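Next up, target.pdb (PDB, C-alpha atoms, pLDDT in the B column):
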```pdb
ATOM      1  CA  MET A  17     -43.765  -6.939   4.290  1.00 68.00           C
ATOM      2  CA  ASP A  18     -40.313  -5.762   5.272  1.00 72.00           C
ATOM      3  CA  ILE A  19     -37.627  -4.669   2.825  1.00 77.00           C
ATOM      4  CA  LYS A  20     -35.617  -7.900   3.097  1.00 83.00           C
ATOM      5  CA  THR A  21     -38.646 -10.036   2.259  1.00 83.00           C
ATOM      6  CA  ALA A  22     -39.586  -7.792  -0.655  1.00 82.00           C
ATOM      7  CA  SER A  23     -36.043  -7.878  -2.024  1.00 85.00           C
ATOM      8  CA  SER A  24     -35.865 -11.671  -1.727  1.00 88.00           C
ATOM      9  CA  LEU A  25     -39.068 -11.962  -3.765  1.00 89.00           C
ATOM     10  CA  GLN A  26     -37.689  -9.448  -6.269  1.00 89.00           C
ATOM     11  CA  ARG A  27     -34.469 -11.466  -6.680  1.00 92.00           C
ATOM     12  CA  LEU A  28     -36.435 -14.668  -7.242  1.00 93.00           C
ATOM     13  CA  ARG A  29     -38.657 -12.872  -9.732  1.00 92.00           C
ATOM     14  CA  LEU A  30     -35.702 -11.409 -11.624  1.00 93.00           C
ATOM     15  CA  VAL A  31     -33.986 -14.772 -12.067  1.00 95.00           C
ATOM     16  CA  SER A  32     -37.116 -16.804 -12.939  1.00 94.00           C
ATOM     17  CA  ALA A  33     -37.622 -15.529 -16.509  1.00 93.00           C
ATOM     18  CA  PRO A  34     -33.942 -15.813 -17.576  1.00 95.00           C
ATOM     19  CA  GLU A  35     -33.862 -19.302 -16.069  1.00 94.00           C
ATOM     20  CA  ALA A  36     -36.911 -20.259 -18.147  1.00 94.00           C
ATOM     21  CA  VAL A  37     -35.362 -18.790 -21.316  1.00 95.00           C
ATOM     22  CA  SER A  38     -32.109 -20.653 -20.714  1.00 96.00           C
ATOM     23  CA  PHE A  39     -34.047 -23.892 -20.215  1.00 95.00           C
ATOM     24  CA  LEU A  40     -35.870 -23.422 -23.528  1.00 95.00           C
ATOM     25  CA  LEU A  41     -32.607 -22.566 -25.307  1.00 96.00           C
ATOM     26  CA  LEU A  42     -30.981 -25.655 -23.805  1.00 96.00           C
ATOM     27  CA  LEU A  43     -33.819 -27.784 -25.170  1.00 95.00           C
ATOM     28  CA  VAL A  44     -33.403 -26.191 -28.623  1.00 95.00           C
ATOM     29  CA  CYS A  45     -29.638 -26.739 -28.501  1.00 96.00           C
ATOM     30  CA  SER A  46     -30.190 -30.376 -27.542  1.00 95.00           C
ATOM     31  CA  VAL A  47     -32.408 -30.903 -30.584  1.00 95.00           C
ATOM     32  CA  LEU A  48     -29.932 -29.092 -32.841  1.00 95.00           C
ATOM     33  CA  LYS A  49     -27.080 -31.220 -31.509  1.00 95.00           C
ATOM     34  CA  ARG A  50     -28.925 -34.376 -32.542  1.00 94.00           C
ATOM     35  CA  THR A  51     -30.077 -33.106 -35.923  1.00 95.00           C
ATOM     36  CA  THR A  52     -27.172 -30.933 -37.119  1.00 94.00           C
ATOM     37  CA  GLU A  53     -23.475 -30.363 -36.541  1.00 92.00           C
ATOM     38  CA  PHE A  54     -24.243 -27.453 -34.206  1.00 92.00           C
ATOM     39  CA  ASN A  55     -23.363 -28.215 -30.577  1.00 93.00           C
ATOM     40  CA  ALA A  56     -23.970 -25.432 -28.060  1.00 94.00           C
ATOM     41  CA  VAL A  57     -25.153 -27.773 -25.311  1.00 95.00           C
ATOM     42  CA  PRO A  58     -22.017 -27.412 -23.137  1.00 96.00           C
ATOM     43  CA  VAL A  59     -22.283 -23.617 -23.144  1.00 96.00           C
ATOM     44  CA  MET A  60     -26.064 -23.451 -22.677  1.00 96.00           C
ATOM     45  CA  GLY A  61     -25.893 -26.227 -20.091  1.00 96.00           C
ATOM     46  CA  ALA A  62     -23.447 -24.213 -18.017  1.00 97.00           C
ATOM     47  CA  ILE A  63     -25.503 -21.018 -18.331  1.00 97.00           C
ATOM     48  CA  HIS A  64     -28.716 -22.823 -17.437  1.00 96.00           C
ATOM     49  CA  GLY A  65     -27.012 -24.597 -14.543  1.00 96.00           C
ATOM     50  CA  ILE A  66     -25.823 -21.330 -13.026  1.00 97.00           C
ATOM     51  CA  LEU A  67     -29.246 -19.719 -13.434  1.00 96.00           C
ATOM     52  CA  PHE A  68     -30.975 -22.777 -11.952  1.00 96.00           C
ATOM     53  CA  ILE A  69     -28.667 -22.754  -8.924  1.00 96.00           C
ATOM     54  CA  LEU A  70     -29.383 -19.037  -8.447  1.00 96.00           C
ATOM     55  CA  TYR A  71     -33.112 -19.743  -8.705  1.00 95.00           C
ATOM     56  CA  VAL A  72     -32.914 -22.462  -6.050  1.00 96.00           C
ATOM     57  CA  VAL A  73     -30.844 -20.282  -3.688  1.00 96.00           C
ATOM     58  CA  PHE A  74     -33.230 -17.337  -4.131  1.00 95.00           C
ATOM     59  CA  TRP A  75     -36.231 -19.693  -3.784  1.00 95.00           C
ATOM     60  CA  LEU A  76     -34.911 -20.989  -0.466  1.00 95.00           C
ATOM     61  CA  ASP A  77     -34.312 -17.425   0.744  1.00 94.00           C
ATOM     62  CA  ALA A  78     -37.802 -16.315  -0.309  1.00 93.00           C
ATOM     63  CA  TRP A  79     -39.378 -19.394   1.314  1.00 94.00           C
ATOM     64  CA  ASN A  80     -37.541 -18.673   4.544  1.00 93.00           C
ATOM     65  CA  ARG A  81     -38.457 -14.977   4.622  1.00 91.00           C
ATOM     66  CA  THR A  82     -42.065 -15.145   3.417  1.00 89.00           C
ATOM     67  CA  LYS A  83     -42.952 -18.233   5.475  1.00 90.00           C
ATOM     68  CA  TRP A  84     -44.774 -19.818   2.533  1.00 91.00           C
ATOM     69  CA  ASN A  85     -46.633 -22.992   3.312  1.00 93.00           C
ATOM     70  CA  LEU A  86     -45.282 -26.212   1.799  1.00 95.00           C
ATOM     71  CA  LYS A  87     -47.788 -26.144  -1.082  1.00 96.00           C
ATOM     72  CA  THR A  88     -46.746 -22.641  -2.222  1.00 93.00           C
ATOM     73  CA  ALA A  89     -43.035 -23.379  -1.871  1.00 94.00           C
ATOM     74  CA  ALA A  90     -43.428 -26.638  -3.810  1.00 95.00           C
ATOM     75  CA  LEU A  91     -45.361 -24.824  -6.551  1.00 95.00           C
ATOM     76  CA  TYR A  92     -42.533 -22.334  -7.096  1.00 94.00           C
ATOM     77  CA  PHE A  93     -39.984 -25.153  -7.169  1.00 95.00           C
ATOM     78  CA  VAL A  94     -42.001 -27.235  -9.637  1.00 95.00           C
ATOM     79  CA  LEU A  95     -42.375 -24.170 -11.853  1.00 92.00           C
ATOM     80  CA  SER A  96     -38.571 -23.964 -12.010  1.00 91.00           C
ATOM     81  CA  VAL A  97     -38.274 -27.424 -13.585  1.00 92.00           C
ATOM     82  CA  LEU A  98     -41.014 -26.978 -16.186  1.00 91.00           C
ATOM     83  CA  PRO A  99     -39.944 -25.505 -19.548  1.00 87.00           C
ATOM     84  CA  LEU A 100     -42.300 -22.502 -19.363  1.00 90.00           C
ATOM     85  CA  GLY A 101     -42.736 -22.525 -15.587  1.00 91.00           C
ATOM     86  CA  GLY A 102     -40.336 -19.664 -14.911  1.00 91.00           C
ATOM     87  CA  PHE A 103     -42.573 -17.283 -16.838  1.00 93.00           C
ATOM     88  CA  PHE A 104     -45.584 -18.308 -14.739  1.00 93.00           C
ATOM     89  CA  ALA A 105     -43.521 -18.001 -11.541  1.00 92.00           C
ATOM     90  CA  GLU A 106     -42.451 -14.487 -12.524  1.00 92.00           C
ATOM     91  CA  ARG A 107     -46.052 -13.388 -13.108  1.00 93.00           C
ATOM     92  CA  LYS A 108     -47.266 -15.001  -9.896  1.00 92.00           C
ATOM     93  CA  LEU A 109     -44.432 -13.432  -7.870  1.00 90.00           C
ATOM     94  CA  LYS A 110     -45.196 -10.028  -9.378  1.00 89.00           C
ATOM     95  CA  ARG A 111     -48.843 -10.323  -8.342  1.00 88.00           C
ATOM     96  CA  GLU A 112     -47.837 -11.471  -4.859  1.00 84.00           C
ATOM     97  CA  ALA A 113     -45.503  -8.490  -4.444  1.00 80.00           C
ATOM     98  CA  GLU A 114     -48.165  -6.050  -5.649  1.00 81.00           C
ATOM     99  CA  ASP A 115     -50.708  -7.535  -3.218  1.00 79.00           C
ATOM    100  CA  ALA A 116     -48.211  -7.210  -0.369  1.00 75.00           C
ATOM    101  CA  VAL A 117     -47.610  -3.550  -1.212  1.00 75.00           C
ATOM    102  CA  ILE A 118     -51.361  -2.873  -1.251  1.00 79.00           C
ATOM    103  CA  ALA A 119     -51.819  -4.648   2.095  1.00 76.00           C
ATOM    104  CA  SER A 120     -48.890  -2.751   3.592  1.00 75.00           C
ATOM    105  CA  ARG A 121     -50.317   0.606   2.479  1.00 79.00           C
ATOM    106  CA  ALA A 122     -53.746  -0.311   3.824  1.00 80.00           C
ATOM    107  CA  ARG A 123     -52.248  -1.252   7.222  1.00 77.00           C
ATOM    108  CA  ARG A 124     -50.262   1.998   7.322  1.00 78.00           C
ATOM    109  CA  GLU A 125     -53.357   4.043   6.570  1.00 80.00           C
ATOM    110  CA  GLY A 126     -55.390   2.094   9.115  1.00 74.00           C
ATOM    111  CA  THR A 127     -57.897   0.891   6.521  1.00 68.00           C
ATOM    112  CA  VAL A 128     -57.659  -2.796   7.393  1.00 59.00           C
ATOM    113  CA  ASN A 129     -56.078  -5.076   9.974  1.00 58.00           C
ATOM    114  CA  ALA A 130     -54.379  -7.297   7.381  1.00 52.00           C
TER     115      ALA A 130
END
```

Can the structure in the file be given as structure tokens, please?
Amino acid sequence: MDIKTASSLQRLRLVSAPEAVSFLLLLVCSVLKRTTEFNAVPVMGAIHGILFILYVVFWLDAWNRTKWNLKTAALYFVLSVLPLGGFFAERKLKREAEDAVIASRARREGTVNA
């Protein structure tokens, strides 16, 4: 894996957890808006919108660089629209990056032809 591919996965990973947190906070704010006088939906909506747009841009970049198949790319997109999906995406991306580093080291050392 080259440095540009690794950094695109890292960017996607770094934005996935904050995007998931903002989605959960937006849901909480929506409930609070309906049940109390507290209305933070406009602020949380804007924050979540920015983070979601960043996620989609970084997802497209990662898909382009890693050459994921359609199933993998769709999985990461679906995880972005589920309330807790960003946390699962972050963990899965971390594992994928670690596996790529291991494979890269093994190729460099001549252990495998991966």

On this structure, the PyMOL selection byres ((chain A and resi 77) around 10) would catch which residues? List them as a list in words, sorted by chain and number. Lys20, Thr21, Ser24, Leu25, Arg27, Leu28, Tyr71, Val72, Val73, Phe74, Trp75, Leu76, Ala78, Trp79, Asn80, Arg81, Thr82 and Lys83 of chain A

Resolved residues for the PyMOL selection byres ((chain A and resi 104) around 12) as a PyMOL selection string: chain A and resi 29+32-33+35-36+91-103+105-111

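Going from CA of Thr88 (chain A) to CA of Val37 (chain A) covers 22.6 Å.
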
Tell me, as number ranges by chain, which residues lie within 10 Å of Ile63 (chain A), counting all atoms listed in the file; anything in the same chain fewer than 6 positions away does not count. A: 34-35, 38-39, 42, 57

One decimal, Å: what's the distance from CA of Leu67 (chain A) over to CA of Val31 (chain A), could you say? 7.0 Å

Pick from A:Ile66, A:Leu30, A:Ala116, A:Gly61: nearest to Cys45 (chain A), with only C-alpha atoms counted? A:Gly61

List the spatial neighbours of Leu41 (chain A) as a count of residues only - criterion: any atom at most 9 Å away, all atoms listed in the file, same-chain residues fewer than 5 positions off excluded. 4

Give me the box for region 112-124 of chain A as JSON, namely the centre and edge lengths in Å to one decimal of a box along x, y and z that holds every listed atom plus 6 Å on each side.
```
{"center_x": -49.6, "center_y": -4.7, "center_z": 0.8, "size_x": 20.2, "size_y": 25.5, "size_z": 25.0}
```

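With distances restricted to all atoms listed in the file, A:Trp84 is the closest residue to Glu112 (chain A) from A:Ala90, A:Ala56, A:Trp84, A:Leu70.
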
Atomic separation - CA of Asn85 (chain A) relative to CA of Ala119 (chain A), Å: 19.1 Å
